[in-house]
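Right, one structure below, let's go through it.
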Amino acid sequence: MFIVIHSLVTSVSLTALESQNATMHFVTEFVLLGFPGQREMQNFFFSLILVVYLLTLLGNGVIVYVVKWDKRLHTPMYILLGNFAFLEIWYISSTVPNMLVTILSETKTISFTGCFLQFYFFFSLGTTECFFLSVMAYDRYLAICRPLHYPSIMTGKLCVILVCVCWVSGFLCYPIPIVLISQLPFCGPNIIDHFVCDPGPLFALACIPAPSTELICYTFNSVIIFGPFLSILGSYTLVLRAVLRIPSGAGQTKAFSTCGSHLMVVSLFYGTLMVMYVSPTSGNPAGMQKIVTLVYSAVTPLLNPLIYSLRNKDMKDALKKLLGLRKNGFRNSSSAHQ
């Protein structure tokens, strides 16, 4: 119904525009301003973002490798963590490489198709991350609140099914909003004061007002954000209630330690996400949009490996074991050559 109403409104408005100007020119590319400034400042931003990107690839890549390498981590909790780290690699890669190219480019252009492809992958991967955080919270709820039934409920088969559902559903959510926005007429200007193709700036560039499409998209964003968030909130409310019933302080500390890292990631990711997308972005200054977007698209994927590896005993032990084996292998190789 929403699509039918949107198509009717767009058709009527576009007909009116065409009657006013038969020679209307529609844009074929957009200009991403990114971080404007002097060349020295541009070089600083390029170096900083490149370092963040490489460290993110390294950190999350190590988690993926350790989870795959250490058979002790072949449990639902760490299978989910390994997939989450793998997701973060692709999530940051959906924006940062193009961001780096844009900083060095003189024209800073991106094609119409390229803009909406970036929009699709960036938001689809972000949606997948929301789903994974929700599933990971459910896994912790089962492990703490129903420990005796956990092995029979969270089986390897169910874990694989949940992983597949997260990936598939994340990529099936955003085609409708993207089709709706891409059908709007963009007749100029074509300058996006951002470093990614985001719905807020795209709505501002449309030749006609599209309140129905904006309402659909913001409602859609709110459902995708708040649905998993409420699920996470419910899971951890039950976890907190169960932990407070544990008689020993050591048991409470151990239970909190298994959830602490996940809660930190949820708070960081959802805090910035809600600021950006729960309310229409037209009320936020362009500079604020860029900062908030940079936090959840680049800083969060960088911090996640540190949070999980430094606060998780099993991950620290696996990393120490891996580094120890590598070190011993290097020493043995050196001794053989001597």
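FYI, nothing fancy with the structure tokens labels: chains A, B, ... in order, residues from 1 per chain, ligands from 1 as they appear.
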
Members of segment 57-261 of chain A assigned strand (DSSP E or B) by DSSP, as a ChimeraX atom specification | /A:109-111,191-192

Who sits within 7 Å of segment 109-111 of chain A, only C-alpha atoms, same chain under 2 positions skipped, as a short mmCIF file (atom, residue, chain, number, x, y, z; two decimals) with N, CA and C atoms, in the first residue's frame:
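Saved as part-v5.cif:
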data_model
loop_
_atom_site.label_atom_id
_atom_site.label_comp_id
_atom_site.auth_asym_id
_atom_site.auth_seq_id
_atom_site.Cartn_x
_atom_site.Cartn_y
_atom_site.Cartn_z
N THR A 28 23.27 12.27 -12.91
CA THR A 28 23.77 10.91 -13.12
C THR A 28 24.87 10.55 -12.14
N GLU A 29 25.29 11.54 -11.33
CA GLU A 29 26.31 11.30 -10.32
C GLU A 29 26.14 12.30 -9.18
N PHE A 30 26.71 11.95 -8.04
CA PHE A 30 26.68 12.83 -6.87
C PHE A 30 28.10 13.20 -6.48
N VAL A 31 28.22 14.30 -5.76
CA VAL A 31 29.50 14.76 -5.24
C VAL A 31 29.48 14.60 -3.72
N LEU A 32 30.37 13.74 -3.20
CA LEU A 32 30.48 13.54 -1.75
C LEU A 32 31.55 14.49 -1.21
N THR A 107 37.59 15.48 -7.86
CA THR A 107 36.18 15.64 -8.24
C THR A 107 35.24 15.15 -7.14
N THR A 113 24.31 4.99 -9.61
CA THR A 113 24.19 3.57 -9.25
C THR A 113 25.13 3.22 -8.10
N GLY A 114 26.36 3.73 -8.16
CA GLY A 114 27.32 3.45 -7.10
C GLY A 114 26.87 3.98 -5.76
N CYS A 115 26.23 5.14 -5.77
CA CYS A 115 25.72 5.74 -4.53
C CYS A 115 24.69 4.84 -3.87
#

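The nearest approach to Phe46 of chain A among the residues A:Met99, A:Leu205, A:Cys187, A:Leu81, with only C-alpha atoms taken into account, belongs to A:Met99.
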
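Here atom CA of Trp167 of chain A is placed at a distance of 16.3 Å from atom CA of Gly227 of chain A.
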
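Of the residues under consideration (A:Met154, A:Ala298, A:Arg140, A:Thr213), A:Ala298 shows the shortest atom-to-atom contact distance to Leu54 of chain A when counting only C-alpha atoms.
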
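Here atom CA of Leu50 of chain A and atom CA of Gln289 of chain A stand 20.3 Å from one another.
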
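For the residues A:Ala206, A:Val62, A:Val163, A:Cys145, ranking by smallest atom-to-atom distance to Ala242 of chain A using only C-alpha atoms places A:Cys145 first.
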
Spatial neighbours of Leu238 of chain A, 12 Å, only C-alpha atoms, chain gap at least 6 places, as a list in words = Ala137, Tyr138, Arg140, Tyr141, Leu142, Ala143, Ile144, Cys145, Arg146, Ser231, Ile232, Leu244 and Arg245 of chain A

Keeping only N, CA and C atoms, write the selected residues as a PDB file, in the first residue's frame.
ATOM      1  N   ALA A 137      22.713 -11.701  22.404  1.00  0.00           N
ATOM      2  CA  ALA A 137      22.092 -11.462  23.706  1.00  0.00           C
ATOM      3  C   ALA A 137      21.213 -12.643  24.105  1.00  0.00           C
ATOM      4  N   TYR A 138      20.488 -13.208  23.134  1.00  0.00           N
ATOM      5  CA  TYR A 138      19.656 -14.385  23.405  1.00  0.00           C
ATOM      6  C   TYR A 138      20.523 -15.570  23.835  1.00  0.00           C
ATOM      7  N   ARG A 140      23.399 -15.411  25.429  1.00  0.00           N
ATOM      8  CA  ARG A 140      23.830 -15.176  26.812  1.00  0.00           C
ATOM      9  C   ARG A 140      22.681 -15.414  27.796  1.00  0.00           C
ATOM     10  N   TYR A 141      21.459 -15.066  27.384  1.00  0.00           N
ATOM     11  CA  TYR A 141      20.299 -15.325  28.238  1.00  0.00           C
ATOM     12  C   TYR A 141      20.148 -16.819  28.495  1.00  0.00           C
ATOM     13  N   LEU A 142      20.249 -17.622  27.441  1.00  0.00           N
ATOM     14  CA  LEU A 142      20.123 -19.068  27.610  1.00  0.00           C
ATOM     15  C   LEU A 142      21.244 -19.624  28.473  1.00  0.00           C
ATOM     16  N   ALA A 143      22.474 -19.133  28.268  1.00  0.00           N
ATOM     17  CA  ALA A 143      23.623 -19.664  29.001  1.00  0.00           C
ATOM     18  C   ALA A 143      23.543 -19.358  30.490  1.00  0.00           C
ATOM     19  N   ILE A 144      22.984 -18.202  30.856  1.00  0.00           N
ATOM     20  CA  ILE A 144      22.963 -17.788  32.258  1.00  0.00           C
ATOM     21  C   ILE A 144      21.645 -18.147  32.945  1.00  0.00           C
ATOM     22  N   CYS A 145      20.547 -17.949  32.246  1.00  0.00           N
ATOM     23  CA  CYS A 145      19.234 -18.178  32.867  1.00  0.00           C
ATOM     24  C   CYS A 145      18.764 -19.626  32.759  1.00  0.00           C
ATOM     25  N   ARG A 146      19.240 -20.326  31.743  1.00  0.00           N
ATOM     26  CA  ARG A 146      18.821 -21.725  31.574  1.00  0.00           C
ATOM     27  C   ARG A 146      20.047 -22.594  31.278  1.00  0.00           C
ATOM     28  N   SER A 231      14.630  -6.586  21.997  1.00  0.00           N
ATOM     29  CA  SER A 231      14.968  -7.989  22.243  1.00  0.00           C
ATOM     30  C   SER A 231      16.210  -8.094  23.129  1.00  0.00           C
ATOM     31  N   ILE A 232      17.228  -7.276  22.835  1.00  0.00           N
ATOM     32  CA  ILE A 232      18.448  -7.258  23.647  1.00  0.00           C
ATOM     33  C   ILE A 232      18.136  -6.796  25.062  1.00  0.00           C
ATOM     34  N   LEU A 244      21.363 -11.472  39.902  1.00  0.00           N
ATOM     35  CA  LEU A 244      21.172 -10.945  41.250  1.00  0.00           C
ATOM     36  C   LEU A 244      20.692 -12.018  42.225  1.00  0.00           C
ATOM     37  N   ARG A 245      20.167 -13.110  41.691  1.00  0.00           N
ATOM     38  CA  ARG A 245      19.718 -14.216  42.548  1.00  0.00           C
ATOM     39  C   ARG A 245      20.854 -15.183  42.881  1.00  0.00           C
TER      40      ARG A 245
END
